[in-house]
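Colleague: To be precise about what I am sending: the file is called query.txt and holds compact mmCIF, C-alpha atoms.
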```
# COMPACT_ATOMS: atom_id res chain seq x y z
CA MET R 1 117.76 78.40 112.39
CA ASN R 2 119.61 79.03 115.58
CA ASP R 3 118.67 82.15 117.55
CA ASN R 4 122.17 82.35 118.88
CA SER R 5 123.95 82.75 115.56
CA VAL R 6 124.85 85.88 113.69
CA ILE R 7 125.58 84.11 110.41
CA GLU R 8 123.61 81.24 108.90
CA ILE R 9 124.75 79.60 105.69
CA ASN R 10 122.53 77.01 104.04
CA ASN R 11 123.75 74.84 101.19
CA PHE R 12 125.92 77.45 99.56
CA THR R 13 126.88 76.13 96.13
CA LYS R 14 128.75 77.97 93.39
CA TYR R 15 129.63 76.93 89.88
CA PHE R 16 131.98 78.95 87.71
CA GLY R 17 131.09 77.44 84.36
CA ASN R 18 131.20 73.68 84.90
CA ASN R 19 133.58 74.04 87.78
CA CYS R 20 132.01 73.58 91.22
CA VAL R 21 134.02 75.76 93.61
CA VAL R 22 131.67 75.62 96.60
CA ASP R 23 129.65 72.48 97.16
CA HIS R 24 126.66 72.47 99.54
CA VAL R 25 128.38 74.29 102.37
CA SER R 26 126.31 74.95 105.48
CA PHE R 27 127.45 76.35 108.80
CA SER R 28 126.56 79.01 111.28
CA VAL R 29 128.64 81.42 113.30
CA PRO R 30 127.52 81.75 116.92
CA GLN R 31 127.18 85.17 118.52
CA GLY R 32 130.39 86.15 120.29
CA SER R 33 132.55 83.50 118.69
CA ILE R 34 135.84 83.82 116.87
CA PHE R 35 135.33 81.55 113.93
CA ALA R 36 138.23 80.51 111.71
CA LEU R 37 137.59 79.43 108.14
CA LEU R 38 140.49 77.28 107.01
CA GLY R 39 141.42 75.58 103.78
CA ARG R 40 144.10 75.46 101.16
CA ASN R 41 144.49 78.04 98.41
CA GLY R 42 141.58 77.79 96.00
CA SER R 43 139.46 75.76 98.40
CA GLY R 44 136.55 78.21 98.15
CA LYS R 45 136.96 80.30 101.33
CA SER R 46 136.85 83.69 99.63
CA THR R 47 133.96 82.66 97.42
CA ILE R 48 131.98 81.65 100.53
CA ILE R 49 132.73 85.01 102.14
CA LYS R 50 131.82 86.95 99.01
CA MET R 51 128.52 85.08 98.64
CA LEU R 52 127.82 85.68 102.31
CA LEU R 53 128.21 89.43 101.79
CA GLY R 54 126.08 89.38 98.64
CA ILE R 55 129.05 90.42 96.47
CA ILE R 56 128.59 87.40 94.23
CA LYS R 57 125.48 85.30 93.76
CA PRO R 58 125.42 81.64 94.80
CA THR R 59 124.32 79.16 92.14
CA TYR R 60 122.06 77.87 94.83
CA GLY R 61 121.76 78.02 98.56
CA SER R 62 121.32 81.05 100.75
CA ALA R 63 122.70 82.80 103.80
CA SER R 64 121.69 85.40 106.30
CA ILE R 65 123.48 87.88 108.54
CA TYR R 66 121.60 89.04 111.62
CA GLY R 67 118.56 87.38 110.08
CA CYS R 68 118.80 89.45 106.91
CA CYS R 69 119.22 87.58 103.63
CA SER R 70 122.67 87.97 102.05
CA SER R 71 121.25 89.01 98.69
CA GLN R 72 119.30 91.86 100.27
CA LEU R 73 121.49 93.24 103.00
CA THR R 74 120.18 96.61 104.14
CA ASN R 75 122.47 99.58 104.71
CA GLU R 76 121.71 99.32 108.41
CA ILE R 77 123.00 95.72 108.51
CA ARG R 78 125.96 96.58 106.27
CA SER R 79 127.03 99.34 108.63
CA ARG R 80 127.25 96.71 111.39
CA ILE R 81 129.66 94.57 109.38
CA GLY R 82 133.36 95.27 109.11
CA TYR R 83 134.70 93.49 106.03
CA LEU R 84 138.37 93.19 105.31
CA ALA R 85 138.69 91.96 101.74
CA GLU R 86 141.39 89.60 100.54
CA GLY R 87 144.50 91.39 99.34
CA HIS R 88 143.31 94.68 100.92
CA PRO R 89 142.02 96.40 97.75
CA LEU R 90 141.66 100.17 98.16
CA TYR R 91 141.34 103.24 95.88
CA SER R 92 144.95 103.90 95.06
CA TRP R 93 144.45 107.54 93.99
CA MET R 94 143.18 108.63 97.42
CA SER R 95 145.49 109.72 100.21
CA VAL R 96 145.41 107.99 103.61
CA LYS R 97 143.53 110.93 105.08
CA GLU R 98 141.04 111.05 102.21
CA ILE R 99 140.23 107.37 102.33
CA CYS R 100 139.64 107.52 106.10
CA TYR R 101 137.25 110.42 105.58
CA PHE R 102 135.56 108.64 102.66
CA GLN R 103 135.08 105.45 104.68
CA SER R 104 133.79 107.29 107.76
CA LYS R 105 130.74 108.50 105.85
CA PHE R 106 129.39 104.95 105.51
CA TYR R 107 129.52 104.13 109.20
CA PRO R 108 127.43 106.00 111.77
CA LYS R 109 129.51 104.75 114.71
CA TRP R 110 132.83 105.77 113.10
CA ASN R 111 135.61 106.27 115.68
CA ARG R 112 138.01 108.84 114.25
CA LYS R 113 140.41 108.63 117.16
CA LEU R 114 140.75 104.86 116.83
CA CYS R 115 141.33 105.21 113.09
CA GLU R 116 144.11 107.74 113.68
CA GLU R 117 145.68 105.61 116.40
CA ILE R 118 145.88 102.55 114.20
CA CYS R 119 147.23 104.63 111.30
CA ASP R 120 149.86 106.00 113.69
CA PHE R 121 150.68 102.53 114.88
CA PHE R 122 151.47 101.50 111.33
CA ASP R 123 153.36 104.77 110.73
CA LEU R 124 151.06 105.89 107.94
CA GLN R 125 151.46 109.51 106.83
CA PRO R 126 148.07 111.18 106.15
CA LYS R 127 149.20 112.64 102.84
CA THR R 128 150.66 109.47 101.32
CA LYS R 129 148.72 108.15 98.37
CA VAL R 130 147.30 104.68 98.99
CA GLY R 131 148.92 103.50 95.76
CA LYS R 132 152.36 104.26 97.22
CA LEU R 133 151.92 102.19 100.39
CA SER R 134 153.76 98.93 100.92
CA ARG R 135 151.75 95.75 101.23
CA GLY R 136 152.04 95.75 105.02
CA GLU R 137 151.11 99.43 105.27
CA ARG R 138 148.06 98.89 103.10
CA ALA R 139 147.04 95.98 105.35
CA GLY R 140 147.44 98.25 108.37
CA LEU R 141 145.35 100.97 106.75
CA TYR R 142 142.66 98.45 105.88
CA LEU R 143 142.65 97.28 109.47
CA ALA R 144 142.20 100.87 110.68
CA LEU R 145 139.29 101.37 108.27
CA THR R 146 137.64 98.14 109.41
CA LEU R 147 138.06 98.59 113.15
CA ALA R 148 137.17 102.30 113.26
CA ALA R 149 133.76 101.46 111.84
CA LYS R 150 133.00 99.85 115.24
CA PRO R 151 131.12 96.96 113.66
CA ASP R 152 129.36 94.19 115.60
CA LEU R 153 130.51 91.56 113.15
CA PHE R 154 133.98 91.34 111.65
CA ILE R 155 134.58 89.41 108.47
CA PHE R 156 138.27 89.18 107.66
CA ASP R 157 139.43 87.49 104.49
CA ASP R 158 143.04 86.49 105.11
CA PRO R 159 143.77 89.52 107.32
CA MET R 160 147.36 88.61 108.13
CA LEU R 161 148.43 88.30 104.51
CA GLY R 162 151.37 90.63 103.93
CA LEU R 163 151.79 91.54 107.59
CA ASP R 164 155.19 91.11 109.21
CA PRO R 165 155.37 89.09 112.45
CA VAL R 166 155.09 92.20 114.65
CA ALA R 167 152.07 93.53 112.77
CA SER R 168 150.45 90.07 112.73
CA HIS R 169 150.83 89.93 116.47
CA SER R 170 149.24 93.37 116.81
CA PHE R 171 146.38 92.13 114.70
CA LEU R 172 145.91 89.15 117.04
CA GLU R 173 146.00 91.50 120.02
CA MET R 174 143.25 93.51 118.42
CA ILE R 175 141.15 90.38 117.98
CA VAL R 176 141.63 89.49 121.66
CA TYR R 177 140.53 93.03 122.46
CA ILE R 178 137.46 92.56 120.25
CA ALA R 179 136.74 89.19 121.87
CA GLU R 180 136.58 90.66 125.36
CA ASN R 181 133.47 92.42 124.30
CA HIS R 182 131.17 89.46 123.84
CA LYS R 183 128.77 91.38 121.67
CA CYS R 184 131.17 91.19 118.74
CA SER R 185 131.66 88.16 116.52
CA VAL R 186 134.49 87.41 114.14
CA LEU R 187 134.64 85.26 111.02
CA PHE R 188 138.09 85.10 109.50
CA SER R 189 139.95 83.03 106.96
CA SER R 190 143.64 82.46 107.38
CA HIS R 191 146.63 80.28 106.64
CA MET R 192 148.45 81.31 109.78
CA LEU R 193 147.71 78.41 112.08
CA SER R 194 149.67 79.74 115.04
CA GLY R 195 147.33 82.73 115.03
CA VAL R 196 144.30 80.48 114.66
CA GLU R 197 145.50 78.42 117.62
CA ARG R 198 145.72 81.54 119.76
CA ILE R 199 142.42 83.19 119.03
CA ALA R 200 139.87 80.92 117.35
CA ASP R 201 137.24 79.08 119.34
CA ARG R 202 135.62 77.39 116.35
CA VAL R 203 137.06 76.16 113.07
CA ALA R 204 135.56 75.22 109.75
CA VAL R 205 137.73 73.52 107.16
CA VAL R 206 136.82 73.57 103.48
CA ASP R 207 138.59 71.45 100.95
CA LYS R 208 137.89 71.69 97.24
CA GLY R 209 134.64 73.46 97.97
CA VAL R 210 133.39 70.87 100.48
CA LEU R 211 133.04 71.55 104.19
CA ARG R 212 135.01 68.87 105.98
CA VAL R 213 135.15 70.13 109.56
CA ASN R 214 132.92 72.41 111.59
CA CYS R 215 133.49 72.22 115.32
CA PRO R 216 135.21 73.85 118.29
CA LEU R 217 138.97 74.09 117.82
CA ASP R 218 139.58 71.84 120.82
CA THR R 219 137.33 69.15 119.36
CA PHE R 220 139.28 69.18 116.10
CA ARG R 221 142.51 68.72 118.02
CA ASN R 222 141.01 66.06 120.25
CA GLN R 223 139.73 64.00 117.35
CA ILE R 224 142.97 63.84 115.42
CA LYS R 225 145.65 61.79 117.11
CA GLN R 226 148.98 60.31 116.42
CA VAL R 227 149.08 56.57 117.05
CA THR R 228 152.22 54.47 117.19
CA ALA R 229 152.52 50.70 117.38
CA ARG R 230 155.29 48.14 117.36
CA PHE R 231 155.28 44.83 115.51
CA SER R 232 157.31 41.72 116.29
CA GLN R 233 157.96 41.31 112.58
CA LEU R 234 157.54 43.65 109.63
CA PRO R 235 154.41 45.79 109.96
CA PRO R 236 151.51 45.21 107.57
CA GLN R 237 151.69 46.81 104.11
CA MET R 238 150.60 50.40 103.68
CA GLU R 239 147.42 49.34 101.85
CA LYS R 240 146.35 47.34 104.89
CA LEU R 241 146.98 50.28 107.19
CA GLU R 242 145.08 52.66 104.97
CA GLN R 243 142.02 50.46 105.22
CA ILE R 244 141.78 51.13 108.94
CA PRO R 245 138.89 53.56 109.40
CA GLY R 246 140.01 57.10 110.14
CA VAL R 247 143.63 56.68 109.09
CA LEU R 248 144.76 59.88 107.38
CA ARG R 249 148.41 59.17 106.97
CA GLY R 250 150.76 56.33 107.75
CA VAL R 251 154.48 55.84 108.05
CA ARG R 252 156.09 52.40 108.25
CA GLU R 253 159.56 52.12 109.58
CA GLN R 254 161.27 48.85 110.42
CA GLN R 255 159.10 47.34 113.14
CA HIS R 256 157.05 50.44 113.87
CA ILE R 257 154.13 52.26 112.39
CA LEU R 258 153.10 55.84 112.96
CA LEU R 259 149.57 56.76 111.99
CA THR R 260 147.57 59.95 112.02
CA VAL R 261 144.02 58.92 112.88
CA ALA R 262 140.73 60.81 112.96
CA ASN R 263 138.21 59.74 115.62
CA TYR R 264 140.58 57.24 117.25
CA ASN R 265 138.75 54.81 119.54
CA ALA R 266 138.87 51.34 121.10
CA GLU R 267 137.61 49.77 117.88
CA ILE R 268 140.50 51.16 115.86
CA LYS R 269 142.91 50.07 118.56
CA LYS R 270 141.46 46.56 118.31
CA ILE R 271 142.05 46.50 114.54
CA ILE R 272 145.69 47.46 115.03
CA GLU R 273 146.03 44.76 117.68
CA ASP R 274 144.49 42.20 115.34
CA LEU R 275 147.10 43.15 112.73
CA GLY R 276 149.74 42.23 115.29
CA GLY R 277 150.52 45.64 116.76
CA VAL R 278 151.68 45.93 120.36
CA ASP R 279 152.67 48.86 122.58
CA ILE R 280 149.99 50.95 120.94
CA ARG R 281 150.24 54.54 122.06
CA CYS R 282 148.08 57.50 121.25
CA SER R 283 149.19 61.09 121.61
CA ASP R 284 148.10 64.63 120.77
CA MET R 285 149.63 66.40 117.85
CA PRO R 286 150.32 70.00 116.89
CA LEU R 287 147.47 71.83 115.16
CA GLU R 288 149.52 72.43 112.03
CA ASP R 289 150.46 68.74 111.66
CA ALA R 290 146.85 67.70 112.23
CA PHE R 291 145.70 70.17 109.62
CA ILE R 292 148.29 69.08 107.05
CA ASP R 293 147.52 65.40 107.54
CA TYR R 294 143.82 66.08 107.40
CA LEU R 295 143.97 67.86 104.06
CA GLY R 296 147.25 66.56 102.70
CA ARG R 297 146.35 63.42 100.84
CA LYS R 298 142.76 63.88 100.02
CA GLY R 299 140.50 61.50 98.19
CA MET R 300 142.30 58.31 99.15
CA ARG R 301 139.88 57.03 101.66
CA ASN R 302 136.50 57.44 103.22
CA PHE R 303 135.89 57.78 106.86
CA ASP R 304 133.10 59.06 108.97
CA ILE R 305 133.84 62.62 109.88
CA SER R 306 130.41 63.29 111.33
CA GLU R 307 131.90 63.81 114.76
CA LEU R 308 133.81 66.75 113.42
CA GLY R 309 130.54 68.35 112.44
CA ALA R 310 130.99 68.30 108.70
CA THR R 311 128.03 67.95 106.44
CA THR R 312 128.03 64.70 104.56
CA LEU R 313 126.20 64.51 101.30
CA MET T 1 153.07 85.90 144.00
CA LEU T 2 153.81 86.46 140.38
CA LEU T 3 153.71 83.44 138.14
CA ASP T 4 155.03 84.04 134.67
CA ILE T 5 152.79 81.86 132.52
CA LYS T 6 153.97 81.40 128.96
CA VAL T 7 152.38 79.54 126.08
CA ARG T 8 153.76 78.18 122.87
CA THR T 9 151.84 77.65 119.66
CA GLY T 10 152.64 74.76 117.36
CA SER T 11 152.99 72.39 120.30
CA ALA T 12 151.19 69.07 120.62
CA VAL T 13 149.88 70.35 123.95
CA PRO T 14 146.83 72.60 123.56
CA ILE T 15 147.20 76.10 125.01
CA TYR T 16 144.66 75.61 127.81
CA GLN T 17 146.56 72.50 128.89
CA GLN T 18 149.85 74.42 128.90
CA ILE T 19 148.32 76.90 131.34
CA ILE T 20 146.99 74.12 133.59
CA ASP T 21 150.36 72.33 133.57
CA GLN T 22 152.29 75.46 134.50
CA VAL T 23 150.00 76.36 137.37
CA LYS T 24 150.09 72.80 138.72
CA ARG T 25 153.83 72.69 138.43
CA ALA T 26 154.17 76.00 140.24
CA VAL T 27 151.99 74.63 143.04
CA ALA T 28 154.05 71.43 143.21
CA THR T 29 157.36 73.29 143.46
CA GLY T 30 156.01 75.85 145.90
CA GLU T 31 156.30 78.75 143.52
CA LEU T 32 152.58 79.20 144.14
CA SER T 33 151.16 78.72 147.65
CA PRO T 34 147.62 78.48 148.97
CA GLY T 35 146.07 81.93 148.97
CA ASP T 36 148.01 83.17 145.96
CA GLN T 37 145.90 84.79 143.31
CA LEU T 38 145.98 83.93 139.62
CA PRO T 39 145.74 86.68 137.00
CA SER T 40 142.26 87.61 135.85
CA ILE T 41 140.94 85.98 132.68
CA ARG T 42 141.08 89.28 130.86
CA ALA T 43 144.64 90.08 131.99
CA LEU T 44 146.00 86.66 131.10
CA SER T 45 144.30 86.47 127.71
CA LYS T 46 145.70 89.89 126.92
CA LYS T 47 149.18 89.07 128.13
CA LEU T 48 149.35 85.82 126.19
CA THR T 49 147.32 87.07 123.21
CA ILE T 50 144.91 84.19 123.36
CA ASN T 51 141.15 83.80 123.28
CA PRO T 52 139.67 84.58 126.73
CA ASN T 53 137.63 81.37 126.47
CA THR T 54 140.86 79.40 126.49
CA VAL T 55 141.83 80.91 129.84
CA THR T 56 138.31 80.28 131.12
CA LYS T 57 138.63 76.64 130.11
CA ALA T 58 141.98 76.25 131.88
CA TYR T 59 140.70 77.95 135.02
CA SER T 60 137.52 75.82 135.10
CA GLU T 61 139.67 72.73 134.98
CA LEU T 62 141.87 74.01 137.84
CA ILE T 63 138.73 74.58 139.88
CA ARG T 64 137.36 71.16 138.96
CA GLU T 65 140.59 69.51 140.05
CA ALA T 66 140.53 71.48 143.31
CA VAL T 67 143.81 73.28 142.63
CA ALA T 68 142.16 76.69 142.83
CA GLU T 69 138.86 78.21 143.83
CA SER T 70 136.92 81.16 142.61
CA ARG T 71 136.09 83.77 145.25
CA SER T 72 133.18 85.81 144.05
CA GLY T 73 134.19 89.09 142.54
CA ARG T 74 137.79 88.76 143.59
CA GLY T 75 139.21 86.19 141.22
CA LEU T 76 140.85 82.81 141.34
CA PHE T 77 142.98 81.65 144.28
CA ILE T 78 145.21 78.64 144.91
CA ILE T 79 143.82 76.46 147.70
CA GLU T 80 145.18 73.86 150.12
CA ARG T 81 145.51 70.71 148.17
CA VAL T 82 143.14 67.86 148.84
CA GLN T 83 143.43 64.61 146.99
CA PHE T 84 140.80 64.82 144.37
CA TYR T 85 141.35 61.64 142.40
CA SER T 86 140.36 58.12 143.29
CA GLU T 87 143.16 55.66 144.04
CA GLU T 88 142.64 54.05 140.65
CA GLU T 89 142.70 57.37 138.80
CA ARG T 90 145.85 58.45 140.65
CA LEU T 91 147.61 55.28 139.57
CA LYS T 92 146.43 55.65 136.01
CA ARG T 93 147.68 59.21 135.84
CA LEU T 94 150.99 58.27 137.37
CA GLU T 95 151.44 55.56 134.78
CA THR T 96 150.54 57.85 131.90
CA ALA T 97 153.02 60.43 133.14
CA ILE T 98 155.75 57.82 133.51
CA ASP T 99 155.02 56.48 130.02
CA GLU T 100 155.37 59.95 128.54
CA PHE T 101 158.58 60.53 130.42
CA VAL T 102 160.07 57.20 129.39
CA ASN T 103 159.09 57.76 125.75
CA LYS T 104 160.79 61.11 125.73
CA ILE T 105 164.07 59.96 127.25
CA ALA T 106 164.27 56.58 125.52
CA LEU T 107 166.34 57.89 122.62
CA LEU T 108 168.64 60.18 124.59
CA ASP T 109 171.04 57.36 125.49
CA PHE T 110 171.59 58.18 129.13
CA ASP T 111 172.74 55.63 131.67
CA ALA T 112 169.98 54.45 133.93
CA LYS T 113 172.11 55.60 136.86
CA ASP T 114 172.32 59.17 135.61
CA ILE T 115 168.59 59.27 135.02
CA TRP T 116 167.93 57.95 138.52
CA ASN T 117 170.19 60.58 140.07
CA LYS T 118 168.54 63.45 138.26
CA LEU T 119 165.08 62.12 138.94
CA ARG T 120 165.87 61.67 142.63
CA VAL T 121 166.85 65.34 142.95
CA LYS T 122 163.62 66.53 141.32
CA ILE T 123 161.41 64.28 143.40
CA LYS T 124 163.23 65.35 146.54
CA GLU T 125 162.45 68.98 145.65
CA ILE T 126 158.76 68.23 145.56
CA SER T 127 158.64 66.14 148.74
CA GLN T 128 160.77 68.59 150.72
CA ARG T 129 158.43 71.32 149.74
CA LYS T 130 155.52 69.24 150.92
CA GLY T 131 157.28 68.64 154.26
CA GLN T 132 157.69 72.35 154.81
CA ASP T 133 154.04 73.02 154.22
CA GLU T 134 152.85 70.45 156.66
```
In structure tokens, what does this structure look like?
Modeller:
Amino acid sequence: MNDNSVIEINNFTKYFGNNCVVDHVSFSVPQGSIFALLGRNGSGKSTIIKMLLGIIKPTYGSASIYGCCSSQLTNEIRSRIGYLAEGHPLYSWMSVKEICYFQSKFYPKWNRKLCEEICDFFDLQPKTKVGKLSRGERAGLYLALTLAAKPDLFIFDDPMLGLDPVASHSFLEMIVYIAENHKCSVLFSSHMLSGVERIADRVAVVDKGVLRVNCPLDTFRNQIKQVTARFSQLPPQMEKLEQIPGVLRGVREQQHILLTVANYNAEIKKIIEDLGGVDIRCSDMPLEDAFIDYLGRKGMRNFDISELGATTL
Amino acid sequence: MLLDIKVRTGSAVPIYQQIIDQVKRAVATGELSPGDQLPSIRALSKKLTINPNTVTKAYSELIREAVAESRSGRGLFIIERVQFYSEEERLKRLETAIDEFVNKIALLDFDAKDIWNKLRVKIKEISQRKGQDE
């Protein structure tokens, strides 16, 4: 247990029937951080968030928010959490005005002015029924409802889904605004890596229910490199290259190879040299490419990812 | 002095490094001079829509490399440049930079002569600037 964290997750595991969707996931979210939860569709992100909020029960494992167990969150703790659910579900029969009023009653620190401002920003008419809103408008309304509650902890499940580029940018601006006040913490899941690159300071990556990365964003980027090498004759076969520890992806072309490598170091360089590689160069790569290569061809190889902070079983 | 820092996502260069590079470049070309103030962490993070910690990281590195100094309560200022690296480190960095440059231009099919001419102009810009300062 870390005194400095607002969220602690220990061995979260969830089976739906025989299907394990979350597998021994543990991580904590430090106070004041902007924590991005990444993973492909169906990787278990939403299930983790729902278990964290006590909405569904883990098969085993536990979690706490502000030291309070997820399965027994008090109203006081709940009022400090702003949760934006995936797909922005809302009561469709209420009007915009009604739902704002309804929501305000659950949160003692409700900021009516802020709620109205955000509704204005998204051009929402008070009398419109929620059911008649477009996807983007509903996302905007949900954002207003979440932010106006003035929570200490924001949990956003795919907040930028359905937002156009301008609205997404406004959302990021709001997160930067939240981040200035170091008392607030943010946990969000997303597929929009350009947004993650702008605002996240930590990332966790889940793949098929397993936590594969948990570290500062810069560490993730630092540990995944693109390595090129030249060979005097044909480069070794793909199988040979894939045996090199840490190799996530390889491309062979004429006398060159291009590898994406996790935890690149002198040892790996030596292996490439021993295979006959010369002019070995290592460079940084874009976050999106690193992410795709990291998750793209899963299950082909084992490598030690302990440096990226993932739990190994 | 107003330096228009811009960042790009989706680049191989992390955002904090983009900030460092632009400030250093502005110092090298004279766009920024000793005594010029950099935007506050809050202002820059807002303007660029990035995590304030990213700006903090870039600024710490600029301080560490003696490009700028923090004056208590007033912000970050560009300072007179002193050589901060050891001879060995300077050489290493020069070689890395040249490698990157050569890699980038290798496939552009320019004549060596054209490259030399363009390079000469750029390097002259930097050294002239230095001459003026001294």
Colleague: What residues in chain R have any atom no more than 7 Å from chain T when counting only C-alpha atoms, and can you write them as a PyMOL selection string?
Modeller: chain R and resi 172-173+176+180+194+197-200+284-288
Colleague: Give me, as a PyMOL selection string, all polymer residues having an atom no more than 10 Å from Leu52 in chain R, counting all atoms listed in the file and skipping those fewer than 6 positions away in the same chain.
Modeller: chain R and resi 7-9+12+46+58+62-65+69-71+73+155
Colleague: Please save C-alpha atoms of the selected residues as a PDB file, keeping the file's coordinate frame.
Modeller:
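File again.pdb, as written:
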```
ATOM      1  CA  ILE R   7     125.580  84.110 110.410  1.00  0.00           C
ATOM      2  CA  GLU R   8     123.610  81.240 108.900  1.00  0.00           C
ATOM      3  CA  ILE R   9     124.750  79.600 105.690  1.00  0.00           C
ATOM      4  CA  PHE R  12     125.920  77.450  99.560  1.00  0.00           C
ATOM      5  CA  SER R  46     136.850  83.690  99.630  1.00  0.00           C
ATOM      6  CA  PRO R  58     125.420  81.640  94.800  1.00  0.00           C
ATOM      7  CA  SER R  62     121.320  81.050 100.750  1.00  0.00           C
ATOM      8  CA  ALA R  63     122.700  82.800 103.800  1.00  0.00           C
ATOM      9  CA  SER R  64     121.690  85.400 106.300  1.00  0.00           C
ATOM     10  CA  ILE R  65     123.480  87.880 108.540  1.00  0.00           C
ATOM     11  CA  CYS R  69     119.220  87.580 103.630  1.00  0.00           C
ATOM     12  CA  SER R  70     122.670  87.970 102.050  1.00  0.00           C
ATOM     13  CA  SER R  71     121.250  89.010  98.690  1.00  0.00           C
ATOM     14  CA  LEU R  73     121.490  93.240 103.000  1.00  0.00           C
ATOM     15  CA  ILE R 155     134.580  89.410 108.470  1.00  0.00           C
TER      16      ILE R 155
END
```
Colleague: Would you pick out the contacts of range 89-94 of chain R at 7 Å or less, using only C-alpha atoms, so that residues sharing its chain but fewer than 3 positions from it are not included, and give the list as a list in words?
Modeller: Ala85, Glu98, Ile99, Lys129, Val130 and Gly131 of chain R
Colleague: Write a file of the just-selected residues containing C-alpha atoms, as a PDB file, keeping the file's coordinate frame.
Modeller:
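result.pdb was written with the following content:
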```pdb
ATOM      1  CA  ALA R  85     138.690  91.960 101.740  1.00  0.00           C
ATOM      2  CA  GLU R  98     141.040 111.050 102.210  1.00  0.00           C
ATOM      3  CA  ILE R  99     140.230 107.370 102.330  1.00  0.00           C
ATOM      4  CA  LYS R 129     148.720 108.150  98.370  1.00  0.00           C
ATOM      5  CA  VAL R 130     147.300 104.680  98.990  1.00  0.00           C
ATOM      6  CA  GLY R 131     148.920 103.500  95.760  1.00  0.00           C
TER       7      GLY R 131
END
```
Colleague: I'd like to know which of T:Thr29, T:Lys24, T:Arg81, T:Glu95 is closest to Gln128 in chain T, using only C-alpha atoms.
Modeller: T:Thr29
Colleague: Would you mind reading off the distance between CA of Ser5 in chain R and CA of Gln31 in chain R, one decimal, in Å?
Modeller: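 These atoms are spaced 5.0 Å apart.
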Colleague: Between CA of Pro30 in chain R and CA of Asn214 in chain R, what is the spacing in Å?
Modeller: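 Those two atoms sit 12.0 Å apart.
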Colleague: Let me make sure I understand: among T:Ile5, T:Leu32, T:Val27, T:Ala66, which one has the smallest atom-to-atom distance to Tyr85 in chain T if we use only C-alpha atoms?
Modeller: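 Of the candidates, the smallest distance to Tyr85 in chain T is held by T:Ala66.
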Colleague: Here is a test: counting all atoms listed in the file, which residue of R:Lys113, R:Arg80, R:Arg230, R:Lys105 is nearest to Glu253 in chain R?
Modeller: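 Smallest distance to Glu253 in chain R is found for R:Arg230.
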Colleague: Select, from R:Leu124, R:Ile280, R:Ile55, R:Ala262, the residue with the minimum atom-to-atom distance to Gly246 in chain R, counting all atoms listed in the file.
Modeller: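 Once distances to Gly246 in chain R are computed over all atoms listed in the file, the minimum belongs to R:Ala262.
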Colleague: For Asn222 in chain R, work out the shell of residues within 10 Å, counting only C-alpha atoms and skipping chain neighbours fewer than 2 positions away, then give it as a ChimeraX atom specification.
Modeller: /R:216-220,224-225,262-264,283-285,308 /T:14
Colleague: So what do you get for CA of Arg74 in chain T versus CA of Glu61 in chain T, distance-wise?
Modeller: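 Atom-to-atom, CA of Arg74 in chain T to CA of Glu61 in chain T, that is 18.3 Å.
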Colleague: From the list R:Ala36, R:Val96, R:Cys20, R:Ile257, which residue is nearest Phe154 in chain R when using all atoms listed in the file?
Modeller: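 Using all atoms listed in the file, the shortest distance to Phe154 in chain R belongs to R:Ala36.
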Colleague: Could you tell me which of R:Gly250, R:Pro245, R:Gly277, R:Gly136 comes closest to Ser232 in chain R if we count only C-alpha atoms?
Modeller: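 Checking each of R:Gly250, R:Pro245, R:Gly277, R:Gly136 against Ser232 in chain R, counting only C-alpha atoms, the winner is R:Gly277.
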Colleague: Just need range 270-297 of chain R in a file, please: C-alpha atoms, as a PDB file, in the first residue's frame.
Modeller:
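Full text of part.pdb as output:
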```pdb
ATOM      1  CA  LYS R 270      26.062  -7.824 -29.492  1.00  0.00           C
ATOM      2  CA  ILE R 271      23.664 -10.540 -30.673  1.00  0.00           C
ATOM      3  CA  ILE R 272      22.914  -8.580 -33.844  1.00  0.00           C
ATOM      4  CA  GLU R 273      26.642  -8.093 -34.400  1.00  0.00           C
ATOM      5  CA  ASP R 274      27.248 -11.809 -33.937  1.00  0.00           C
ATOM      6  CA  LEU R 275      24.624 -12.480 -36.614  1.00  0.00           C
ATOM      7  CA  GLY R 276      26.721 -10.361 -38.952  1.00  0.00           C
ATOM      8  CA  GLY R 277      24.980  -7.009 -38.627  1.00  0.00           C
ATOM      9  CA  VAL R 278      26.951  -3.799 -39.082  1.00  0.00           C
ATOM     10  CA  ASP R 279      26.026  -0.103 -38.950  1.00  0.00           C
ATOM     11  CA  ILE R 280      23.624  -0.846 -36.145  1.00  0.00           C
ATOM     12  CA  ARG R 281      21.559   2.204 -35.327  1.00  0.00           C
ATOM     13  CA  CYS R 282      18.967   2.737 -32.664  1.00  0.00           C
ATOM     14  CA  SER R 283      16.341   5.457 -32.792  1.00  0.00           C
ATOM     15  CA  ASP R 284      13.198   6.624 -31.024  1.00  0.00           C
ATOM     16  CA  MET R 285       9.841   5.898 -32.516  1.00  0.00           C
ATOM     17  CA  PRO R 286       6.413   7.511 -32.455  1.00  0.00           C
ATOM     18  CA  LEU R 287       4.164   6.488 -29.567  1.00  0.00           C
ATOM     19  CA  GLU R 288       1.538   5.062 -31.878  1.00  0.00           C
ATOM     20  CA  ASP R 289       4.039   2.852 -33.735  1.00  0.00           C
ATOM     21  CA  ALA R 290       5.517   1.654 -30.450  1.00  0.00           C
ATOM     22  CA  PHE R 291       2.065   0.831 -29.172  1.00  0.00           C
ATOM     23  CA  ILE R 292       1.035  -1.028 -32.323  1.00  0.00           C
ATOM     24  CA  ASP R 293       4.235  -3.063 -32.415  1.00  0.00           C
ATOM     25  CA  TYR R 294       3.958  -3.802 -28.728  1.00  0.00           C
ATOM     26  CA  LEU R 295       0.456  -5.215 -28.981  1.00  0.00           C
ATOM     27  CA  GLY R 296       0.292  -6.093 -32.648  1.00  0.00           C
ATOM     28  CA  ARG R 297       1.597  -9.618 -32.855  1.00  0.00           C
TER      29      ARG R 297
END
```
